[in-house]
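Asks: For reference, the structure I am asking about is given below.
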Amino acid sequence: MEIVTIRLREYFSDATTVEKAIISFITQNAKNVTKMSIHKLSLETFTSPSSIIRLCKKMGFDGYKGFIKALVYEIAVKENYKTKEISDISKADNTEEIIHKVTSRNIIALEETSDLLSAEAVDECVKRIEQCDKLAFFGIGASLIVAKDAQLKFTRINKMAYVSEDWHTQLLLAKNMNKNDLAIVISYSGQTEEMIICQKAAIEAGASTISITKYADSPIAKAAELNLYISSNEYAFRSGAMSSRISQLNLIDIIYTTYVNRKFEQTIEILEKTQFRKVRNKDD
């Protein structure tokens with residue numbers, strides 16, 4: 001399922017002034033737009049049909065018809081599902097309201113990330129993990145937590161993975177990669193300077209690179225050979241990168257589970273061997 005509104009929303013900050021006018025109108029009047037011709041939409045947004053077509057192509061569609069078809073499908077799904085409008089956190093919210101809002105945002109982020117992911121992209125990612133000699137994860141801040149989680153998962157099933165909490169050590173790791181290695185760069189914005197530097201070093205060393213970013217035109221996504229996208233539904237003040245972190249962790253779970261499933265017999269045996277069993281005291 002191609003989620004048009006997610007693509008538009010994530011692209012908005014990088015859009016031109018003309019594109020922002022088109023995006024704002026579409027996101028605010030999505031249902032009405034599905035009934036408009038390209039000429040009608042251009043009149044409503046005070047833009048040209050060619051500008052609309054260019055925007056459609058930037059969103060990954062062949063043209064306006066394909067864009068409208070995907071928008072119609074998205075609206076149909078949403079109308080048969082619960083509303084996804086969750087207001088931002090406010091100072092007046094009590095604990096019960098915060099619980100509901102944060103949980104709902106995380107659930108929506110997971111659903112939208114699922115919609116953004118293609119099975120083909122996940123399969124290709126797993127294939128590259130299977131074939132690489134060295135698997136390295138790169139991340140900083142909240143994305144480092146995700147990278148460490150990925151490292152632990154793959155190391156447990158004897159696919160040795162590497163990550164470091166220190167950025168300079170990450171850079172050294174990137175510089176020492178080669179054509180048989182795989183670097184997975186995790187950055188919600190796709191614009192984190194340290195990760196751009198690490199990715200560039202890995203590419204120069206000959207390694208393959210995969211990016212995990214939000215759906216947007218970013219330096220990290222552009223440079224990667226394969227892109228995996230997440231949705232976030234972050235609150236306006238982005239306190240602690242909440243739903244974006246949940247989306248990233250969920251994506252790692254998907255990649256890991258797909259990998260395990262491909263090597264089911266082998267990995268089940270390893271998982272059994274590497275399971276830490278707690279020794280219970282007789283008095284417990």
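Ordered as shown in the structure tokens, chains take letters A, B, and onward, while each chain numbers its residues from 1 and ligands are numbered from 1 in the order shown.
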Per DSSP on the backbone, filter range 20-188 of chain A down to the residues in strand (DSSP E) and report them as a VMD selection string.
Replies: chain A and resid 135 to 138 161 to 162 182 to 186
Asks: Can you pull out every residue within 12 Å of range 172-183 of chain A, counting only C-alpha atoms, but drop anything in the same chain fewer than 3 positions away, and send it as a PDB file with C-alpha atoms, in the first residue's frame?
Replies:
```
ATOM      1  CA  CYS A 125      18.315  -6.325   2.980  1.00  0.00           C
ATOM      2  CA  VAL A 126      18.270  -9.846   4.442  1.00  0.00           C
ATOM      3  CA  LYS A 127      20.024 -11.218   1.365  1.00  0.00           C
ATOM      4  CA  ARG A 128      22.846  -8.712   1.790  1.00  0.00           C
ATOM      5  CA  ILE A 129      23.143  -9.532   5.485  1.00  0.00           C
ATOM      6  CA  GLU A 130      23.428 -13.226   4.613  1.00  0.00           C
ATOM      7  CA  GLN A 131      26.154 -12.587   2.064  1.00  0.00           C
ATOM      8  CA  CYS A 132      28.320 -10.061   3.919  1.00  0.00           C
ATOM      9  CA  ASP A 133      31.461 -10.921   5.877  1.00  0.00           C
ATOM     10  CA  LYS A 134      31.222  -8.057   8.354  1.00  0.00           C
ATOM     11  CA  LEU A 135      27.905  -6.532   9.418  1.00  0.00           C
ATOM     12  CA  ALA A 136      28.190  -3.097  11.013  1.00  0.00           C
ATOM     13  CA  PHE A 137      25.458  -0.845  12.385  1.00  0.00           C
ATOM     14  CA  PHE A 138      25.867   2.910  12.697  1.00  0.00           C
ATOM     15  CA  GLY A 139      23.766   5.265  14.796  1.00  0.00           C
ATOM     16  CA  ALA A 147      21.867  -0.114  16.430  1.00  0.00           C
ATOM     17  CA  GLN A 151      23.870  -5.951  17.058  1.00  0.00           C
ATOM     18  CA  MET A 160      28.673 -11.338  14.115  1.00  0.00           C
ATOM     19  CA  ALA A 161      27.687  -7.687  14.088  1.00  0.00           C
ATOM     20  CA  TYR A 162      29.528  -4.579  15.177  1.00  0.00           C
ATOM     21  CA  VAL A 163      28.631  -1.205  16.664  1.00  0.00           C
ATOM     22  CA  SER A 164      30.291   1.258  19.002  1.00  0.00           C
ATOM     23  CA  GLU A 165      28.937   3.860  21.399  1.00  0.00           C
ATOM     24  CA  ASP A 166      31.809   6.157  20.488  1.00  0.00           C
ATOM     25  CA  TRP A 167      31.373   7.988  17.193  1.00  0.00           C
ATOM     26  CA  HIS A 168      35.100   8.085  16.439  1.00  0.00           C
ATOM     27  CA  THR A 169      35.263   4.316  16.860  1.00  0.00           C
ATOM     28  CA  ILE A 186      20.323   4.404  11.095  1.00  0.00           C
ATOM     29  CA  GLU A 194      28.301  12.054  12.035  1.00  0.00           C
ATOM     30  CA  MET A 195      26.369   9.348  10.211  1.00  0.00           C
ATOM     31  CA  ILE A 196      26.912  11.036   6.840  1.00  0.00           C
ATOM     32  CA  ILE A 197      30.654  10.965   7.528  1.00  0.00           C
ATOM     33  CA  CYS A 198      30.591   7.295   8.593  1.00  0.00           C
ATOM     34  CA  GLN A 199      28.528   6.309   5.568  1.00  0.00           C
ATOM     35  CA  LYS A 200      30.877   8.144   3.220  1.00  0.00           C
ATOM     36  CA  ALA A 201      33.881   6.387   4.793  1.00  0.00           C
ATOM     37  CA  ALA A 202      32.214   2.980   4.424  1.00  0.00           C
ATOM     38  CA  ILE A 203      31.383   3.655   0.769  1.00  0.00           C
ATOM     39  CA  GLU A 204      34.921   4.833   0.045  1.00  0.00           C
ATOM     40  CA  ALA A 205      36.195   1.632   1.658  1.00  0.00           C
ATOM     41  CA  GLY A 206      34.052  -0.353  -0.793  1.00  0.00           C
ATOM     42  CA  ALA A 207      31.307  -1.557   1.560  1.00  0.00           C
ATOM     43  CA  SER A 208      27.635  -1.812   0.629  1.00  0.00           C
ATOM     44  CA  THR A 209      25.323   0.536   2.541  1.00  0.00           C
ATOM     45  CA  ILE A 210      21.681   0.366   3.609  1.00  0.00           C
ATOM     46  CA  SER A 211      19.875   3.321   5.182  1.00  0.00           C
ATOM     47  CA  ILE A 212      17.056   3.380   7.722  1.00  0.00           C
ATOM     48  CA  ILE A 220      22.004   9.377   3.818  1.00  0.00           C
ATOM     49  CA  ALA A 223      23.969   7.742  -0.834  1.00  0.00           C
ATOM     50  CA  ALA A 224      22.689   4.310   0.244  1.00  0.00           C
ATOM     51  CA  GLU A 225      22.314   1.419  -2.192  1.00  0.00           C
ATOM     52  CA  LEU A 226      19.082   0.344  -0.494  1.00  0.00           C
TER      53      LEU A 226
END
```
Asks: Which of these, A:Ala119, A:Ala30, A:Leu43, A:Val260, has the shortest distance to Ile157 in chain A once you count only C-alpha atoms?
Replies: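 Closest candidate: A:Val260.
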Asks: Rank A:Thr155, A:Thr192, A:Ser114, A:Thr274 by their smallest atom-to-atom distance to Leu228 in chain A, using only C-alpha atoms, and report the top residue only.
Replies: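 Nearest candidate to Leu228 in chain A out of A:Thr155, A:Thr192, A:Ser114, A:Thr274: A:Ser114.
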Asks: Considering only alpha helix (DSSP H) as DSSP defines it on the backbone, what residues of range 215-270 of chain A qualify? List them as a PyMOL selection string.
Replies: chain A and resi 219-223+242-262+264-270
Asks: Looking at only C-alpha atoms, which of A:Asp93, A:Ser231, A:Gly141, A:Val185 is the one that sits closest to Ile107 in chain A?
Replies: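 Of the candidates, the smallest distance to Ile107 in chain A is held by A:Ser231.
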Asks: Would you list the contacts of Thr267 in chain A as a list in words, taking every protein, DNA or RNA residue within 12 Å and counting only C-alpha atoms, but skipping same-chain residues closer than 3 positions in sequence?
Replies: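 Residues meeting the cut-off are Lys153, Phe154, Thr155, Arg156, Ile157, Asn158, Lys159, Tyr256, Thr257, Thr258, Tyr259, Val260, Asn261, Arg262, Lys263, Phe264, Ile270, Leu271, Glu272, Lys273, Thr274 and Gln275 of chain A.
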